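Content type TSV, C-alpha atoms, from the file start_9.tsv:
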```tsv
chain	number	residue	atom	x	y	z
A	1	MET	CA	-92.09	0.33	0.56
A	2	PRO	CA	-88.58	0.76	1.93
A	3	PRO	CA	-88.19	2.27	5.38
A	4	GLN	CA	-87.74	6.02	5.55
A	5	ASP	CA	-84.42	5.75	7.36
A	6	VAL	CA	-82.31	8.71	6.17
A	7	CYS	CA	-82.75	12.23	7.57
A	8	VAL	CA	-81.15	14.81	5.26
A	9	VAL	CA	-80.39	18.14	6.95
A	10	MET	CA	-79.56	21.24	4.93
A	11	PRO	CA	-79.23	24.74	6.42
A	12	THR	CA	-80.20	27.26	3.76
A	13	ILE	CA	-81.07	30.90	3.31
A	14	ARG	CA	-80.51	31.23	-0.45
A	15	GLU	CA	-79.72	28.24	-2.63
A	16	TYR	CA	-82.36	25.81	-1.37
A	17	GLU	CA	-82.72	24.45	-4.90
A	18	ALA	CA	-79.53	22.52	-4.20
A	19	ILE	CA	-81.71	19.77	-2.75
A	20	ALA	CA	-83.18	19.22	-6.21
A	21	ALA	CA	-79.72	18.35	-7.57
A	22	TYR	CA	-79.27	15.72	-4.87
A	23	ALA	CA	-82.74	14.29	-5.56
A	24	GLU	CA	-81.91	14.10	-9.28
A	25	ASN	CA	-78.65	12.33	-8.48
A	26	ALA	CA	-80.50	9.77	-6.36
A	27	ARG	CA	-83.02	9.05	-9.10
A	28	LYS	CA	-80.29	8.80	-11.75
A	29	HIS	CA	-78.42	6.16	-9.76
A	30	GLY	CA	-81.46	4.21	-8.60
A	31	PHE	CA	-81.35	5.30	-4.97
A	32	ASP	CA	-84.90	5.22	-3.61
A	33	THR	CA	-85.83	8.76	-2.59
A	34	ASP	CA	-88.64	7.35	-0.44
A	35	ARG	CA	-85.89	6.54	2.07
A	36	LEU	CA	-85.17	10.26	2.47
A	37	PHE	CA	-86.77	12.83	4.74
A	38	VAL	CA	-85.44	16.34	4.15
A	39	VAL	CA	-85.15	18.93	6.91
A	40	LEU	CA	-84.47	22.42	5.59
A	41	VAL	CA	-83.28	24.71	8.39
A	42	THR	CA	-83.82	28.36	7.52
A	43	GLU	CA	-84.90	31.76	8.85
A	44	ASP	CA	-88.23	33.55	9.19
A	45	TRP	CA	-87.35	36.03	6.45
A	46	CYS	CA	-86.60	33.32	3.88
A	47	GLU	CA	-88.83	31.83	1.17
A	48	THR	CA	-90.31	29.00	3.21
A	49	ASP	CA	-93.35	28.56	0.97
A	50	GLU	CA	-91.10	28.15	-2.05
A	51	MET	CA	-88.95	25.65	-0.16
A	52	GLU	CA	-92.00	23.56	0.68
A	53	ARG	CA	-93.15	23.75	-2.93
A	54	LEU	CA	-89.76	22.56	-4.16
A	55	LEU	CA	-89.85	19.53	-1.87
A	56	GLU	CA	-93.31	18.67	-3.19
A	57	GLU	CA	-92.24	19.12	-6.81
A	58	GLU	CA	-89.25	16.83	-6.26
A	59	GLY	CA	-91.42	14.20	-4.60
A	60	LEU	CA	-89.42	14.49	-1.38
A	61	ASP	CA	-90.97	14.02	2.03
A	62	GLY	CA	-89.71	16.73	4.34
A	63	ALA	CA	-90.25	19.80	6.47
A	64	VAL	CA	-89.08	23.40	6.48
A	65	PHE	CA	-88.12	24.89	9.82
A	66	ASP	CA	-87.63	28.60	10.11
A	67	ALA	CA	-87.09	30.15	13.56
A	68	THR	CA	-90.81	30.26	14.32
A	69	ALA	CA	-91.32	26.63	13.31
A	70	ARG	CA	-88.31	25.55	15.39
A	71	GLU	CA	-89.73	27.36	18.42
A	72	GLN	CA	-93.06	25.58	17.87
A	73	TRP	CA	-91.30	22.22	17.57
A	74	PHE	CA	-89.48	22.70	20.87
A	75	HIS	CA	-92.73	23.57	22.62
A	76	GLU	CA	-94.61	20.63	21.09
A	77	HIS	CA	-91.91	18.28	22.36
A	78	GLY	CA	-91.90	19.73	25.86
A	79	ILE	CA	-88.31	20.93	25.68
A	80	ALA	CA	-88.75	24.69	25.25
A	81	GLU	CA	-86.10	25.35	27.90
A	82	TYR	CA	-83.49	23.96	25.50
A	83	GLU	CA	-84.22	26.26	22.54
A	84	TYR	CA	-81.06	28.22	23.26
A	85	LEU	CA	-78.94	25.21	22.23
A	86	ILE	CA	-79.62	26.22	18.62
A	87	PRO	CA	-77.82	29.54	18.02
A	88	ALA	CA	-79.54	32.24	16.00
A	89	GLY	CA	-78.25	33.08	12.54
A	90	SER	CA	-75.57	30.40	12.59
A	91	HIS	CA	-74.57	27.41	10.50
A	92	ALA	CA	-74.59	25.54	13.82
A	93	GLN	CA	-78.37	25.36	13.46
A	94	THR	CA	-77.65	21.98	11.90
A	95	SER	CA	-77.91	20.80	15.52
A	96	PHE	CA	-81.66	21.22	15.15
A	97	GLY	CA	-81.57	18.57	12.44
A	98	LEU	CA	-79.85	16.24	14.90
A	99	LEU	CA	-82.64	16.80	17.43
A	100	TYR	CA	-85.26	16.13	14.77
A	101	LEU	CA	-83.51	12.90	13.83
A	102	TRP	CA	-83.25	11.86	17.48
A	103	ALA	CA	-86.95	12.48	18.06
A	104	ASN	CA	-87.91	10.17	15.20
A	105	GLU	CA	-86.64	6.68	15.83
A	106	ARG	CA	-87.16	5.52	12.25
A	107	PHE	CA	-84.05	7.41	11.16
A	108	GLU	CA	-80.96	5.21	11.25
A	109	TYR	CA	-78.79	7.65	9.32
A	110	GLY	CA	-78.28	11.38	8.99
A	111	VAL	CA	-76.80	13.34	6.09
A	112	PHE	CA	-75.56	16.93	6.31
A	113	LEU	CA	-75.49	19.02	3.13
A	114	ASP	CA	-74.58	22.65	2.46
A	115	ASP	CA	-76.65	24.53	-0.08
A	116	ASP	CA	-73.59	25.74	-2.02
A	117	THR	CA	-72.63	22.19	-2.96
A	118	ARG	CA	-73.72	19.88	-5.75
A	119	PRO	CA	-73.13	16.13	-6.20
A	120	HIS	CA	-70.86	14.80	-8.93
A	121	GLU	CA	-73.15	13.39	-11.60
A	122	GLU	CA	-71.14	10.20	-12.12
A	123	THR	CA	-71.34	9.18	-8.45
A	124	ASP	CA	-74.26	7.71	-6.53
A	125	PHE	CA	-74.12	10.26	-3.72
A	126	PHE	CA	-76.41	8.72	-1.09
A	127	GLY	CA	-75.60	5.16	-2.08
A	128	THR	CA	-71.87	5.79	-1.69
A	129	HIS	CA	-72.28	7.36	1.73
A	130	LEU	CA	-74.35	4.44	2.99
A	131	ALA	CA	-71.90	1.94	1.48
A	132	ASN	CA	-69.11	3.72	3.36
A	133	LEU	CA	-71.03	3.43	6.62
A	134	ALA	CA	-71.39	-0.31	6.00
A	135	TYR	CA	-67.78	-0.79	4.86
A	136	GLU	CA	-65.69	-3.59	6.28
A	137	GLY	CA	-62.19	-4.24	4.98
A	138	GLU	CA	-58.78	-2.65	4.52
A	139	LEU	CA	-58.26	1.08	4.09
A	140	PRO	CA	-55.26	3.41	4.07
A	141	ALA	CA	-54.70	4.75	7.58
A	142	VAL	CA	-52.90	8.06	8.10
A	143	GLU	CA	-51.12	9.47	11.13
A	144	SER	CA	-48.64	12.27	11.75
A	145	ASP	CA	-46.09	13.40	14.31
A	146	GLU	CA	-48.44	16.30	15.16
A	147	GLN	CA	-51.46	14.04	15.89
A	148	TRP	CA	-53.28	15.72	12.99
A	149	VAL	CA	-54.19	14.40	9.56
A	150	ASN	CA	-54.71	16.88	6.73
A	151	VAL	CA	-57.70	15.61	4.72
A	152	LEU	CA	-56.02	17.23	1.69
A	153	TYR	CA	-52.75	15.34	2.23
A	154	GLN	CA	-53.10	13.58	-1.13
A	155	SER	CA	-53.11	16.85	-3.08
A	156	ASP	CA	-50.01	18.54	-4.51
A	157	HIS	CA	-51.39	22.00	-3.68
A	158	ASP	CA	-50.06	22.14	-0.08
A	159	LEU	CA	-53.44	23.25	1.25
A	160	TYR	CA	-54.67	22.97	4.83
A	161	PRO	CA	-58.43	23.01	5.44
A	162	ARG	CA	-60.44	25.31	7.68
A	163	GLY	CA	-59.94	24.34	11.30
A	164	TYR	CA	-56.55	22.65	10.89
A	165	PRO	CA	-54.32	24.08	13.66
A	166	TYR	CA	-51.50	26.31	12.47
A	167	SER	CA	-49.21	24.73	15.05
A	168	ALA	CA	-49.74	21.30	13.44
A	169	MET	CA	-48.68	22.32	9.93
A	170	ASP	CA	-45.60	20.94	8.21
A	171	GLU	CA	-46.29	17.59	9.82
A	172	ASP	CA	-44.54	14.38	8.88
A	173	TRP	CA	-47.23	11.88	7.98
A	174	THR	CA	-47.21	8.17	7.30
A	175	GLU	CA	-49.75	6.02	5.51
A	176	THR	CA	-50.17	2.34	6.27
A	177	SER	CA	-53.16	-0.01	6.09
A	178	VAL	CA	-55.70	-0.98	8.70
A	179	GLY	CA	-58.73	-3.23	8.95
A	180	VAL	CA	-61.93	-1.19	9.21
A	181	GLU	CA	-65.07	-2.80	10.59
A	182	SER	CA	-67.16	-0.17	12.39
A	183	VAL	CA	-67.65	3.04	10.40
A	184	VAL	CA	-69.97	5.57	12.05
A	185	ALA	CA	-69.38	8.64	9.86
A	186	SER	CA	-68.63	9.14	6.17
A	187	GLN	CA	-66.99	12.45	5.26
A	188	GLY	CA	-67.14	13.26	1.57
A	189	LEU	CA	-64.56	15.77	0.37
A	190	TRP	CA	-64.93	18.54	-2.19
A	191	THR	CA	-63.81	19.83	-5.55
A	192	ASN	CA	-63.74	23.39	-6.91
A	193	VAL	CA	-63.50	25.83	-3.95
A	194	PRO	CA	-61.47	24.26	-1.12
A	195	ASP	CA	-62.77	24.62	2.43
A	196	LEU	CA	-60.14	27.03	3.76
A	197	ASP	CA	-60.18	29.56	6.57
A	198	ALA	CA	-59.85	33.27	5.86
A	199	VAL	CA	-56.14	33.56	6.71
A	200	ARG	CA	-55.29	30.76	4.29
A	201	ILE	CA	-57.56	32.27	1.63
A	202	LEU	CA	-55.71	35.58	1.98
A	203	MET	CA	-52.39	33.75	1.71
A	204	ASP	CA	-53.71	32.17	-1.49
A	205	GLY	CA	-54.30	35.67	-2.84
A	206	ASP	CA	-58.10	35.81	-2.84
A	207	LEU	CA	-60.13	38.71	-1.43
A	208	GLN	CA	-63.52	37.24	-2.36
A	209	GLY	CA	-63.76	34.50	0.28
A	210	GLN	CA	-62.96	31.67	-2.11
A	211	ALA	CA	-59.42	30.70	-3.19
A	212	GLN	CA	-57.25	31.13	-6.25
A	213	THR	CA	-56.31	27.45	-5.95
A	214	ARG	CA	-59.09	25.04	-6.87
A	215	THR	CA	-59.32	21.29	-6.30
A	216	THR	CA	-60.34	18.60	-8.77
A	217	ALA	CA	-61.06	14.89	-8.41
A	218	GLU	CA	-57.39	14.27	-9.26
A	219	ASP	CA	-56.40	15.87	-5.94
A	220	PHE	CA	-57.91	12.95	-4.05
A	221	GLY	CA	-56.57	9.42	-3.93
A	222	PRO	CA	-57.96	6.34	-2.19
A	223	ASP	CA	-60.43	6.74	0.64
A	224	PHE	CA	-58.80	6.69	4.06
A	225	VAL	CA	-59.16	6.87	7.84
A	226	ALA	CA	-57.13	8.71	10.47
A	227	ARG	CA	-55.45	6.46	13.01
A	228	PRO	CA	-56.54	6.57	16.66
A	229	GLY	CA	-55.02	9.49	18.52
A	230	ASN	CA	-54.94	11.59	15.33
A	231	TYR	CA	-57.47	14.34	14.64
A	232	LEU	CA	-58.78	15.72	11.39
A	233	THR	CA	-61.10	18.46	10.24
A	234	VAL	CA	-64.70	17.30	9.88
A	235	CYS	CA	-66.73	19.55	7.58
A	236	SER	CA	-70.51	19.26	7.60
A	237	MET	CA	-71.04	20.26	3.96
A	238	ASN	CA	-70.93	16.61	2.78
A	239	LEU	CA	-71.27	14.17	5.65
A	240	ALA	CA	-73.26	11.04	6.55
A	241	PHE	CA	-73.43	9.45	9.98
A	242	ARG	CA	-75.15	6.81	12.05
A	243	ARG	CA	-77.89	7.74	14.50
A	244	ALA	CA	-75.85	6.46	17.41
A	245	VAL	CA	-73.28	9.27	17.23
A	246	VAL	CA	-75.75	12.12	17.87
A	247	PRO	CA	-74.90	12.51	21.59
A	248	ALA	CA	-71.25	13.12	20.61
A	249	PHE	CA	-71.98	15.28	17.57
A	250	TYR	CA	-73.40	18.54	18.92
A	251	GLN	CA	-72.55	21.41	16.55
A	252	PHE	CA	-71.04	23.85	19.01
A	253	PRO	CA	-72.81	27.19	19.64
A	254	MET	CA	-70.95	29.55	17.33
A	255	ASP	CA	-71.71	33.11	16.19
A	256	ASP	CA	-74.56	33.81	18.61
A	257	ASN	CA	-72.45	34.05	21.78
A	258	PRO	CA	-71.01	36.86	23.95
A	259	TRP	CA	-67.50	36.44	22.48
A	260	ASP	CA	-68.57	36.38	18.80
A	261	VAL	CA	-66.67	33.15	18.26
A	262	GLY	CA	-67.77	31.65	14.95
A	263	ARG	CA	-66.95	29.30	12.07
A	264	PHE	CA	-65.78	26.33	14.17
A	265	ASP	CA	-69.09	24.60	14.93
A	266	ASP	CA	-68.53	21.54	12.71
A	267	ILE	CA	-64.78	21.55	13.34
A	268	TRP	CA	-65.14	21.24	17.11
A	269	SER	CA	-67.99	18.76	16.82
A	270	GLY	CA	-65.62	16.72	14.66
A	271	LEU	CA	-63.04	16.73	17.45
A	272	LEU	CA	-65.66	15.40	19.85
A	273	LEU	CA	-66.77	12.75	17.36
A	274	LYS	CA	-63.20	11.64	16.61
A	275	ARG	CA	-62.42	11.33	20.31
A	276	ALA	CA	-65.55	9.20	20.78
A	277	CYS	CA	-64.55	7.03	17.82
A	278	ASP	CA	-61.07	6.49	19.23
A	279	VAL	CA	-62.38	5.59	22.67
A	280	LEU	CA	-65.07	3.25	21.32
A	281	GLY	CA	-63.09	1.64	18.48
A	282	LYS	CA	-65.06	3.26	15.63
A	283	GLN	CA	-63.95	4.95	12.41
A	284	ILE	CA	-64.62	8.04	10.31
A	285	TYR	CA	-64.38	7.18	6.59
A	286	ASN	CA	-62.99	9.99	4.38
A	287	GLY	CA	-62.92	10.60	0.64
A	288	ASN	CA	-65.83	9.75	-1.64
A	289	PRO	CA	-68.46	10.78	-2.53
A	290	LEU	CA	-66.98	14.08	-3.65
A	291	CYS	CA	-69.18	17.13	-4.06
A	292	ALA	CA	-68.57	20.36	-5.94
A	293	HIS	CA	-68.24	23.26	-3.50
A	294	ASN	CA	-69.46	26.37	-5.31
A	295	LYS	CA	-68.88	28.94	-2.59
A	296	ALA	CA	-70.29	32.31	-3.59
A	297	PRO	CA	-67.96	35.33	-3.61
A	298	ARG	CA	-67.93	37.35	-0.38
A	299	SER	CA	-65.43	39.42	1.54
A	300	THR	CA	-62.56	37.33	2.86
A	301	PHE	CA	-62.19	39.96	5.58
A	302	ASP	CA	-65.76	39.33	6.74
A	303	ASP	CA	-64.88	35.67	7.18
A	304	LEU	CA	-61.70	36.67	8.99
A	305	ALA	CA	-63.70	38.86	11.37
A	306	ASN	CA	-65.96	35.87	12.13
A	307	GLU	CA	-63.03	33.53	12.70
A	308	VAL	CA	-60.47	35.60	14.56
A	309	ALA	CA	-62.20	35.41	17.95
A	310	GLY	CA	-61.74	31.62	17.99
A	311	LEU	CA	-58.42	31.13	16.22
A	312	GLU	CA	-56.33	30.84	19.38
A	313	LEU	CA	-58.84	28.53	21.06
A	314	ASN	CA	-58.80	26.27	18.01
A	315	GLU	CA	-55.09	25.72	18.53
A	316	HIS	CA	-55.73	24.20	21.97
A	317	VAL	CA	-59.27	22.83	22.28
A	318	TRP	CA	-58.32	19.50	20.68
A	319	GLU	CA	-55.77	18.90	23.45
A	320	ILE	CA	-58.51	19.24	26.06
A	321	VAL	CA	-60.74	16.86	24.10
A	322	ASP	CA	-57.90	14.37	23.70
A	323	ASP	CA	-57.51	13.95	27.47
A	324	ALA	CA	-61.20	13.22	28.16
A	325	GLY	CA	-63.29	10.09	28.46
A	326	ALA	CA	-60.65	7.36	28.18
A	327	ASP	CA	-62.75	4.93	30.27
A	328	ALA	CA	-66.11	5.78	28.69
A	329	ASP	CA	-68.14	3.05	27.01
A	330	SER	CA	-70.75	5.09	25.09
A	331	TYR	CA	-71.01	8.22	22.97
A	332	ARG	CA	-72.97	9.87	25.74
A	333	GLU	CA	-70.27	9.15	28.31
A	334	VAL	CA	-67.51	10.46	26.05
A	335	ALA	CA	-69.51	13.62	25.41
A	336	ARG	CA	-70.16	14.09	29.13
A	337	ALA	CA	-66.44	13.71	29.87
A	338	VAL	CA	-65.54	16.24	27.17
A	339	ALA	CA	-68.16	18.66	28.50
A	340	ASP	CA	-66.73	18.38	32.01
A	341	ALA	CA	-63.20	18.88	30.68
A	342	LEU	CA	-64.19	22.03	28.79
A	343	VAL	CA	-65.90	23.48	31.86
A	344	ALA	CA	-62.91	22.68	34.08
A	345	ALA	CA	-60.21	23.80	31.65
A	346	ASP	CA	-57.91	26.63	32.70
A	347	ALA	CA	-58.14	28.78	29.60
A	348	SER	CA	-57.27	32.07	31.27
A	349	GLU	CA	-54.24	32.57	29.03
A	350	TYR	CA	-56.26	32.29	25.82
A	351	GLN	CA	-58.20	35.01	24.10
A	352	ASN	CA	-61.90	34.40	24.83
A	353	GLY	CA	-60.99	31.41	26.99
A	354	GLU	CA	-64.30	31.61	28.82
A	355	PHE	CA	-65.97	30.37	25.66
A	356	LEU	CA	-64.68	26.86	26.33
A	357	ALA	CA	-66.69	26.55	29.56
A	358	TYR	CA	-69.68	28.00	27.69
A	359	CYS	CA	-69.34	25.20	25.14
A	360	GLY	CA	-69.01	22.59	27.89
A	361	GLU	CA	-72.17	23.79	29.58
A	362	HIS	CA	-74.05	23.68	26.29
A	363	LEU	CA	-72.80	20.15	25.64
A	364	ARG	CA	-74.03	19.04	29.06
A	365	ASP	CA	-77.43	20.51	28.30
A	366	TRP	CA	-77.40	18.91	24.86
A	367	LEU	CA	-77.18	15.51	26.52
A	368	ASP	CA	-79.97	16.41	28.93
A	369	CYS	CA	-82.12	17.56	26.01
A	370	LEU	CA	-81.60	14.27	24.19
A	371	GLY	CA	-82.60	12.47	27.38
A	372	GLU	CA	-85.81	14.51	27.60
A	373	ILE	CA	-86.65	13.63	24.01
A	374	GLU	CA	-86.09	9.93	24.75
A	375	GLN	CA	-88.48	10.06	27.69
A	376	ALA	CA	-91.20	11.99	25.86
A	377	PRO	CA	-94.51	10.20	25.18
A	378	ALA	CA	-94.61	8.49	21.81
A	379	GLN	CA	-97.32	10.80	20.48
A	380	LYS	CA	-94.91	13.73	20.68
A	381	HIS	CA	-92.76	12.29	17.91
A	382	PRO	CA	-94.84	9.79	15.93
A	383	VAL	CA	-93.32	7.29	13.52
A	384	ALA	CA	-94.95	8.89	10.49
A	385	ALA	CA	-94.13	12.45	9.53
A	386	ASP	CA	-96.09	15.05	7.66
A	387	GLY	CA	-94.24	17.68	5.66
A	388	GLY	CA	-94.48	21.40	6.24
A	389	PRO	CA	-93.21	23.71	8.94
A	390	GLY	CA	-93.15	22.08	12.36
A	391	GLY	CA	-93.92	18.63	10.99
A	392	SER	CA	-92.55	15.85	13.16
```

Kindly transcribe the structure held in the file into structure tokens.
Amino acid sequence: MPPQDVCVVMPTIREYEAIAAYAENARKHGFDTDRLFVVLVTEDWCETDEMERLLEEEGLDGAVFDATAREQWFHEHGIAEYEYLIPAGSHAQTSFGLLYLWANERFEYGVFLDDDTRPHEETDFFGTHLANLAYEGELPAVESDEQWVNVLYQSDHDLYPRGYPYSAMDEDWTETSVGVESVVASQGLWTNVPDLDAVRILMDGDLQGQAQTRTTAEDFGPDFVARPGNYLTVCSMNLAFRRAVVPAFYQFPMDDNPWDVGRFDDIWSGLLLKRACDVLGKQIYNGNPLCAHNKAPRSTFDDLANEVAGLELNEHVWEIVDDAGADADSYREVARAVADALVAADASEYQNGEFLAYCGEHLRDWLDCLGEIEQAPAQKHPVAADGGPGGS
């Protein structure tokens, strides 16, 4: 039997059957599904019994965690005081999947999926992600005069993804080649509905939260990395990563906060991760495997209402991150330095500037929570895992 070394995390309230498409893809391409443990993160009002039944029907080991099951898990692991790190009703609940992975040492890799995506049939989805994480060799390396790399730079559509600062647009970029030898995250990109923010969707003429412009596989060229000192948007809909990055990969507490800042949880966690990679000499691999992003129609103005509270902060938070942790020698130390920088930042001129210190305090507590999990007795997170709500 192969080791069960991949923890797949999918937040879902509707299209949980997406996991069946990824299981089918794995079987089609000979990827051993026994390596996978699936964590479905959902809500108390969702169809948890049906989710468990689907995992069983697909032959997937896994667990379903609604809010009640998450609360139980925190108590069982002796870390109930840290429940607030996982915001209610937010995509940032993917952070719970990171905690679950951290509490189970058999997992060497994590994979984030969104339930409105599907794998491309011709591509070995999990196998490609793991091959990317093991990649050593030459890759195109991109940088720009704005210190930002547009992950859609290869497309002719002139699109900028959700989270890309408006002040960094119209950049002059260059592509060279670099030797890659330590990949810690693999970001797969997306066809069909591009991952745009609401303002850019409105500019593209769409009122239904999608986009008039659609992407195809032809919009993406060779896989690439962003050079040190350059940032990029990291989207959690199609992402694999090594266990080691978890301390520097907290999905920031969006939506459920006093300022109603939302929609930047994975974007800001990507800034933290990229800073850690630059400090530690690691890389984020971008490109394949592509997934189809089948975002359901919804009001673009609802998305705009969720995003507007954080738009100004998103223009500046990366600059704070970029000044932190230069002398650090671990993911934990980089994350601690970024947390301290966020707490200390003078953000009085920004709308909702107090939210930055709030994020810094949460990141500090995130690191403390991981430390508590590490020190917990072995019986609190056994090597074997049973499926079902609260399984560990």

| Gap from CA of Val308 in chain A to CA of Gly262 in chain A - Å, one decimal | 8.3 Å

Show me a table, sorted first by chain and then by increasing residue number, of the residues of range 158-188 of chain A having an atom at most 7 Å from range 193-215 of chain A, each with its shortest atom pair and the distance in Å to one decimal, counting all atoms listed in the file and written as JSON lines.
```
{"residue": "A:Tyr160", "atom": "CA", "partner": "A:Leu196", "partner_atom": "CA", "distance": 6.9}
{"residue": "A:Pro161", "atom": "CA", "partner": "A:Leu196", "partner_atom": "CA", "distance": 4.7}
{"residue": "A:Arg162", "atom": "CA", "partner": "A:Leu196", "partner_atom": "CA", "distance": 4.3}
```

| Which residue of A:Leu139, A:Leu152, A:Ile86, A:Val38 approaches Phe220 in chain A most closely, using all atoms listed in the file |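 Smallest distance to Phe220 in chain A is found for A:Leu152.
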
| field | Selection: 8 Å around Val142 in chain A, all atoms listed in the file, excl. self and same-chain fewer than 4 positions, as an MDAnalysis selection string | value | chainID A and resid 149 173:176 224:227

| Contacts of Thr233 in chain A at 8 Å (all atoms listed in the file; same-chain gap of 5+ positions) as a PyMOL selection string | chain A and resi 150-151+161-164+267+270-271

| request: Compare A:Asp156, A:Glu43, A:Asp278, A:Glu307 by their minimum atom-to-atom distance to Arg263 in chain A, counting all atoms listed in the file, and give me the closest one. | output: A:Glu307

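Taking only C-alpha atoms, the non-local environment of His316 in chain A within 10 Å (same-chain residues fewer than 5 positions away omitted) comprises A:Pro165, A:Ser167, A:Leu311, A:Val321, A:Ala347, A:Tyr350.
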
Within 8 Å of Leu367 in chain A, counting all atoms listed in the file, which residues qualify if same-chain residues fewer than 6 places away don't, as a PDB file with C-alpha atoms, in the coordinates of the input?
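For reference, selection-v4.pdb as written:
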```pdb
ATOM      1  CA  PRO A 247     -74.900  12.510  21.590  1.00  0.00           C
ATOM      2  CA  ARG A 332     -72.970   9.870  25.740  1.00  0.00           C
ATOM      3  CA  ALA A 335     -69.510  13.620  25.410  1.00  0.00           C
ATOM      4  CA  ARG A 336     -70.160  14.090  29.130  1.00  0.00           C
TER       5      ARG A 336
END
```

| task | Do a neighbour search on Leu54 in chain A at 12 Å with only C-alpha atoms, toss out local chain neighbours closer than 6 positions, and write the hits as JSON, numbers by chain. | result | {"A": [15, 16, 17, 18, 19, 20, 21, 23, 38, 40, 47, 48, 60, 61, 62, 63, 64, 387, 388]}

| Nearest to Ser90 in chain A among A:Ala305, A:Ala276, A:Val245, A:Met254, with distances taken over only C-alpha atoms: which residue is it? |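 The answer is A:Met254, which sits nearest to Ser90 in chain A.
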
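In this model, the gap between CA of Val183 in chain A and CA of Lys28 in chain A comes to 26.1 Å.
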
| message | Between CA of Asp170 in chain A and CA of Glu146 in chain A, what is the distance in Å, rounded to a tenth? | response |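 Between CA of Asp170 in chain A and CA of Glu146 in chain A the gap is 8.8 Å.
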
| message | Given the point (-72.6, 30.4, -3.6) in the file's coordinates, find the residues that have an atom at most 10 Å from it, counting all atoms listed in the file, and give them as a list of chain:residue names. | response |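 Every residue inside that radius is included here: A:Arg14, A:Glu15, A:Asp115, A:Asp116, A:Thr117, A:Gln210, A:His293, A:Asn294, A:Lys295, A:Ala296, A:Pro297, A:Arg298.
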